[in-house]
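Asks: Got a structure for you, questions after.
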Amino acid sequence: MEYKAFLIKYAEIGTKGKNRYVFEDMLCRRISEHVAAFGDFTIRREYGRIFLEAQSGYDYEDVITALQKVFGVSGISPVVVGESLQFDDIREMAVSYIKECYDDKPHTFKVNTRRANKAYPVKSMEMNSEIGHYLLEECDNLKVDVHNPDVLLNIEIRNKVYLYSQTIKGAGGLPVGTNGRAMLLLSGGIDSPVAGYMIAKRGVELEAVYFNAPPYTSERAKQKVIDLAKLVSRYSGKIRLHIVNFTDIQLAIYEKCPHEELTIIMRRYMMKIAEELAKRNGCQALITGESIGQVASQTMHSLACTGEVCNMPVFRPCIGMDKQEIVDISERIGTYETSIQPYEDCCTIFVAKHPVTKPVIEIIKRSETKLADVIDDLMKEAVDTVEVVKAD
């Protein structure tokens with residue numbers, strides 16, 4: 001079957017009341033961006049429906065894969081479009097569709113008609129009955145099952161006739177760009193790309209920041225994070241990755257502060273820099289991949305200590321998930337294989353043998369006073385020399 005159009009379904013957008021058009025507009029924009037590379041398409045909106053129509057040839061699998069990465073799309077239905085509203089033509093269209101899409105093996109079916117064009121003279125229930133009866137006559141392998149059919153044949157009567165029986169699951173969520181912008185602290189690990197994906201699914205545009213530590217980290221480690229940003233951007237759209245040279249700050253902390261507090265103090269300065277970059281780039285929040293208890297820097301005490309330096313909200317979508325749950329999502333979205341590449345991350349270089357797991361904020365702040373003579377200049381230089389890479 002060659003499909004010339006797709007019915008794009010959404011779920012949560014339908015609850016938005018008077019603001020619904022804003023979400024629909026953004027969804028149409030995101031759909032256009034995702035399919036632009038695969039052919040010439042137009043998008044047409046009718047009440048409660050979005051139709052993506054092909055104006056030229058395209059690769060079906062590529063388009064479906066692209067649409068499945070658009071947040072806000074709950075389902076994708078390839079549709080056959082009929083120009084004629086004559087009842088006999090619709091009956092023949094239904095028979096032709098069933099014979100072409102389904103083999104001669106026995107199938108149960110049900111016809112479900114939606115008459116959006118209320119001027120159409122045949123009522124929905126009558127359509128269901130008449131077309132169902134005609135299918136039974138023309139297709140020996142069919143049997144009616146109104147409760148749990150193998151094939152649910154949907155017929156929509158509008159200015160044209162749309163016929164479909166398959167709905168492919170979409171990404172769900174809300175269109176990116178409908179809920180502000182946030183700065184993702186992106187490392188080379190498994191968790192932070194998942195965190196970015198999950199927040200983008202709620203309609204949030206992403207910026208990202210990576211803390212690089214040359215020569216203690218390699219160019220391959222940096223490229224790994226750029227690759228992860230590109231993988232997340234398949235769902236979130238373009239991401240600007242801000243690469244911060246963090247080496248001098250790490251060395252200062254290593255030289256002047258207690259070693260068991262290294263990770264906590266470094267995390268605090270990462271959060272400060274990320275917040276400054278977030279403010280400069282119009283973000284309203286920070287995003288991290290932290291999960292309670294996963295490592296020493298993610299105990300309740302540690303999270304409270306690192307979060308204390310921030311004035312803007314810090315979103316931690318993985319906070320209550322165990323590692324396997326996070327791994328499962330990373331595999332599903334295609335970031336896992338890149339995340340496990342064995343290139344050292346900035347944080348792994350200066351790890352204490354026995355890191356503090358229950359840091360006390362007052363003690364940490366006292367330790368930070370040892371940096372007073374250098375830290376302001378180092379922070380300013382780190383922020384002012386950021387390298388920005390566009391990931392898409």
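Ordered as shown in the structure tokens, chains take letters A, B, and onward, while each chain numbers its residues from 1 and ligands are numbered from 1 in the order shown.
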Near Met300 in chain A, within 10 Å and counting only C-alpha atoms, which residues show up once chain neighbours fewer than 6 positions away are dropped, as a list in words?
Replies: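 Contacts, in chain order: Ser291, Ile292, Gly293, Thr357, Lys358 and Pro359 of chain A.
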Asks: Using only C-alpha atoms, please write the residues we just selected to a file, as a CSV table (one decimal), in the first residue's frame.
Replies:
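Wrote it out as out06.csv, contents follow:
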chain,number,residue,atom,x,y,z
A,291,SER,CA,19.4,9.8,41.1
A,292,ILE,CA,19.1,9.4,44.9
A,293,GLY,CA,21.9,7.2,46.3
A,357,THR,CA,28.6,11.1,51.8
A,358,LYS,CA,26.9,13.3,54.4
A,359,PRO,CA,28.4,16.7,53.7
Asks: Would you list the contacts of Thr299 in chain A as a list of chain:residue names, taking every protein, DNA or RNA residue within 12 Å and counting only C-alpha atoms, but skipping same-chain residues closer than 3 positions in sequence?
Replies: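 So, after excluding close chain neighbours, the residues are A:Ile264, A:Glu290, A:Ser291, A:Ile292, A:Gly293, A:Gln294, A:Val295, A:Ala296, A:Ser302, A:Leu303, A:Ala304, A:Cys305, A:Thr306, A:Gly307, A:Ile319, A:Gly320, A:Pro355, A:Val356, A:Thr357, A:Lys358, A:Pro359.
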Asks: For Thr288 in chain A, list every protein, DNA or RNA residue within 12 Å, evaluated using only C-alpha atoms, and leave out those in the same chain fewer than 5 positions away; present the list as an MDAnalysis selection string.
Replies: chainID A and resid 182:187 189:199 208:210 267 270:271 274:275 298 303 306:307 313:319
Asks: Report as a PyMOL selection string all protein, DNA and RNA residues lying within 7 Å of His107 in chain A, evaluated on only C-alpha atoms, omitting residues in the same chain fewer than 4 positions from it.
Replies: chain A and resi 141-143+150
Asks: Nearest to Tyr162 in chain A: which of A:Ala285, A:Val244, A:Val176, A:Ala5 is it, counting only C-alpha atoms?
Replies: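 Closest to Tyr162 in chain A, using only C-alpha atoms: A:Ala5.
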Asks: What's the 12 Å shell around Leu135 in chain A, counting only C-alpha atoms, without same-chain residues fewer than 5 positions away, as a ChimeraX atom specification?
Replies: /A:90-99,107-111,127-130,140-144,153
Asks: Going by DSSP on the backbone, which residues of range 133-207 of chain A come out as strand (DSSP E or B)? List them as a VMD selection string.
Replies: chain A and resid 142 to 144 151 to 157 161 to 164 168 to 169 174 181 to 185 202 205 to 207
Asks: Using the selection just defined, write its residues with C-alpha atoms as a compact mmCIF listing (two decimals), in the first residue's frame.
Replies:
# COMPACT_ATOMS: atom_id res chain seq x y z
CA LEU A 142 -13.45 -11.74 7.56
CA LYS A 143 -15.62 -12.15 10.63
CA VAL A 144 -17.19 -9.44 12.78
CA VAL A 151 -8.68 -5.01 12.34
CA LEU A 152 -10.39 -1.77 13.38
CA LEU A 153 -11.28 -0.07 10.10
CA ASN A 154 -11.62 3.66 10.75
CA ILE A 155 -13.45 5.83 8.24
CA GLU A 156 -13.50 9.61 8.64
CA ILE A 157 -15.93 11.60 6.53
CA VAL A 161 -12.72 10.39 2.97
CA TYR A 162 -9.87 9.15 5.17
CA LEU A 163 -9.51 5.44 5.80
CA TYR A 164 -7.01 3.74 8.12
CA ILE A 168 1.81 3.57 15.29
CA LYS A 169 2.79 4.71 18.76
CA LEU A 174 4.22 18.10 24.54
CA ARG A 181 14.02 26.57 28.11
CA ALA A 182 16.41 24.80 30.49
CA MET A 183 20.15 24.15 30.77
CA LEU A 184 21.15 20.47 30.86
CA LEU A 185 24.35 19.49 32.67
CA ARG A 202 7.47 18.08 28.54
CA GLU A 205 13.82 23.53 24.78
CA LEU A 206 17.32 22.44 25.76
CA GLU A 207 20.66 24.14 26.05
Asks: Neighbours of Lys230 in chain A within 10 Å (only C-alpha atoms; same-chain residues fewer than 2 positions away dropped), as an MDAnalysis selection string?
Replies: chainID A and resid 224:228 232:241 335 390:392
Asks: Can you write out the residues you just picked, keeping C-alpha atoms, as a PDB file, in the first residue's frame?
Replies:
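See result28.pdb below for the written result:
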ATOM      1  CA  LYS A 224      31.531  11.620  22.996  1.00  0.00           C
ATOM      2  CA  VAL A 225      29.496  14.332  24.744  1.00  0.00           C
ATOM      3  CA  ILE A 226      28.969  16.174  21.452  1.00  0.00           C
ATOM      4  CA  ASP A 227      27.691  12.902  19.985  1.00  0.00           C
ATOM      5  CA  LEU A 228      25.317  12.449  22.935  1.00  0.00           C
ATOM      6  CA  VAL A 232      19.244  13.800  22.236  1.00  0.00           C
ATOM      7  CA  SER A 233      18.636  16.523  19.635  1.00  0.00           C
ATOM      8  CA  ARG A 234      16.873  13.971  17.407  1.00  0.00           C
ATOM      9  CA  TYR A 235      14.003  14.344  19.872  1.00  0.00           C
ATOM     10  CA  SER A 236      14.529  17.802  21.342  1.00  0.00           C
ATOM     11  CA  GLY A 237      15.576  19.694  18.230  1.00  0.00           C
ATOM     12  CA  LYS A 238      18.768  21.727  18.004  1.00  0.00           C
ATOM     13  CA  ILE A 239      20.889  21.921  21.161  1.00  0.00           C
ATOM     14  CA  ARG A 240      23.648  24.434  21.758  1.00  0.00           C
ATOM     15  CA  LEU A 241      26.335  22.681  23.785  1.00  0.00           C
ATOM     16  CA  THR A 335      22.112   6.957  23.700  1.00  0.00           C
ATOM     17  CA  LYS A 390      25.614  23.322  17.733  1.00  0.00           C
ATOM     18  CA  ALA A 391      24.244  19.806  17.917  1.00  0.00           C
ATOM     19  CA  ASP A 392      21.476  18.762  15.536  1.00  0.00           C
TER      20      ASP A 392
END
Asks: Hey, which of A:Ser77, A:Gln68, A:Gln86, A:Asn179 ends up closest to Gln166 in chain A? Count only C-alpha atoms.
Replies: A:Ser77
Asks: Contacts of Glu2 in chain A at 12 Å or less, counting only C-alpha atoms, minus same-chain residues fewer than 6 places along, as a PyMOL selection string?
Replies: chain A and resi 54+56-61+78-81+97+100-101
Asks: Got time to write the residues from that selection, N, CA, C and O atoms, as a PDB file, in the first residue's frame?
Replies:
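again_36.pdb, written as the output of this step:
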ATOM      1  N   ALA A  54       1.932  13.986   1.634  1.00  0.00           N
ATOM      2  CA  ALA A  54       3.122  13.930   0.781  1.00  0.00           C
ATOM      3  C   ALA A  54       2.808  14.523  -0.581  1.00  0.00           C
ATOM      4  O   ALA A  54       1.807  14.167  -1.214  1.00  0.00           O
ATOM      5  N   SER A  56       5.269  14.492  -2.934  1.00  0.00           N
ATOM      6  CA  SER A  56       6.171  13.786  -3.854  1.00  0.00           C
ATOM      7  C   SER A  56       6.533  12.453  -3.213  1.00  0.00           C
ATOM      8  O   SER A  56       6.057  12.120  -2.121  1.00  0.00           O
ATOM      9  N   GLY A  57       7.392  11.690  -3.864  1.00  0.00           N
ATOM     10  CA  GLY A  57       7.799  10.402  -3.329  1.00  0.00           C
ATOM     11  C   GLY A  57       8.615  10.542  -2.048  1.00  0.00           C
ATOM     12  O   GLY A  57       9.269  11.565  -1.820  1.00  0.00           O
ATOM     13  N   TYR A  58       8.579   9.533  -1.221  1.00  0.00           N
ATOM     14  CA  TYR A  58       9.305   9.561   0.056  1.00  0.00           C
ATOM     15  C   TYR A  58       9.542   8.130   0.512  1.00  0.00           C
ATOM     16  O   TYR A  58       8.920   7.194   0.001  1.00  0.00           O
ATOM     17  N   ASP A  59      10.441   7.980   1.486  1.00  0.00           N
ATOM     18  CA  ASP A  59      10.685   6.675   2.082  1.00  0.00           C
ATOM     19  C   ASP A  59       9.806   6.515   3.318  1.00  0.00           C
ATOM     20  O   ASP A  59       9.938   7.260   4.285  1.00  0.00           O
ATOM     21  N   TYR A  60       8.924   5.549   3.270  1.00  0.00           N
ATOM     22  CA  TYR A  60       7.930   5.365   4.333  1.00  0.00           C
ATOM     23  C   TYR A  60       8.578   5.150   5.693  1.00  0.00           C
ATOM     24  O   TYR A  60       8.214   5.804   6.679  1.00  0.00           O
ATOM     25  N   GLU A  61       9.561   4.257   5.784  1.00  0.00           N
ATOM     26  CA  GLU A  61      10.184   3.939   7.074  1.00  0.00           C
ATOM     27  C   GLU A  61      10.893   5.149   7.664  1.00  0.00           C
ATOM     28  O   GLU A  61      10.844   5.382   8.879  1.00  0.00           O
ATOM     29  N   PRO A  78      -1.106   5.873   9.015  1.00  0.00           N
ATOM     30  CA  PRO A  78      -1.053   6.018   7.555  1.00  0.00           C
ATOM     31  C   PRO A  78      -2.475   5.917   6.999  1.00  0.00           C
ATOM     32  O   PRO A  78      -3.213   4.980   7.333  1.00  0.00           O
ATOM     33  N   VAL A  79      -2.866   6.883   6.177  1.00  0.00           N
ATOM     34  CA  VAL A  79      -4.254   6.917   5.710  1.00  0.00           C
ATOM     35  C   VAL A  79      -4.325   6.857   4.189  1.00  0.00           C
ATOM     36  O   VAL A  79      -3.434   7.338   3.486  1.00  0.00           O
ATOM     37  N   VAL A  80      -5.411   6.267   3.709  1.00  0.00           N
ATOM     38  CA  VAL A  80      -5.769   6.306   2.292  1.00  0.00           C
ATOM     39  C   VAL A  80      -6.812   7.404   2.138  1.00  0.00           C
ATOM     40  O   VAL A  80      -7.775   7.479   2.917  1.00  0.00           O
ATOM     41  N   VAL A  81      -6.628   8.255   1.152  1.00  0.00           N
ATOM     42  CA  VAL A  81      -7.497   9.408   0.968  1.00  0.00           C
ATOM     43  C   VAL A  81      -8.363   9.198  -0.264  1.00  0.00           C
ATOM     44  O   VAL A  81      -7.858   8.873  -1.350  1.00  0.00           O
ATOM     45  N   TYR A  97      -8.982  -1.524   0.273  1.00  0.00           N
ATOM     46  CA  TYR A  97      -8.002  -1.321   1.343  1.00  0.00           C
ATOM     47  C   TYR A  97      -7.771  -2.616   2.117  1.00  0.00           C
ATOM     48  O   TYR A  97      -6.619  -3.019   2.358  1.00  0.00           O
ATOM     49  N   GLU A 100      -5.854  -5.255   0.084  1.00  0.00           N
ATOM     50  CA  GLU A 100      -4.452  -4.952  -0.167  1.00  0.00           C
ATOM     51  C   GLU A 100      -3.610  -5.013   1.111  1.00  0.00           C
ATOM     52  O   GLU A 100      -2.453  -5.420   1.076  1.00  0.00           O
ATOM     53  N   CYS A 101      -4.194  -4.601   2.235  1.00  0.00           N
ATOM     54  CA  CYS A 101      -3.412  -4.506   3.480  1.00  0.00           C
ATOM     55  C   CYS A 101      -3.364  -5.806   4.267  1.00  0.00           C
ATOM     56  O   CYS A 101      -2.430  -6.018   5.058  1.00  0.00           O
TER      57      CYS A 101
END
Asks: Ranking A:Arg49, A:Thr178, A:Ile64, A:Val22 by minimum distance to His34 in chain A and counting only C-alpha atoms, which one comes first?
Replies: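 Smallest separation from His34 in chain A among the options: A:Ile64.
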Asks: Between CA of Arg30 in chain A and CA of Ser330 in chain A, what distance in Å does the model show, to one decimal?
Replies: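 Spanning CA of Arg30 in chain A to CA of Ser330 in chain A is a straight-line distance of 22.3 Å.
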Asks: Taking into account only C-alpha atoms, which residue in the set A:Arg114, A:Tyr343, A:Ala278, A:Cys257 is nearest to Ser218 in chain A?
Replies: A:Tyr343
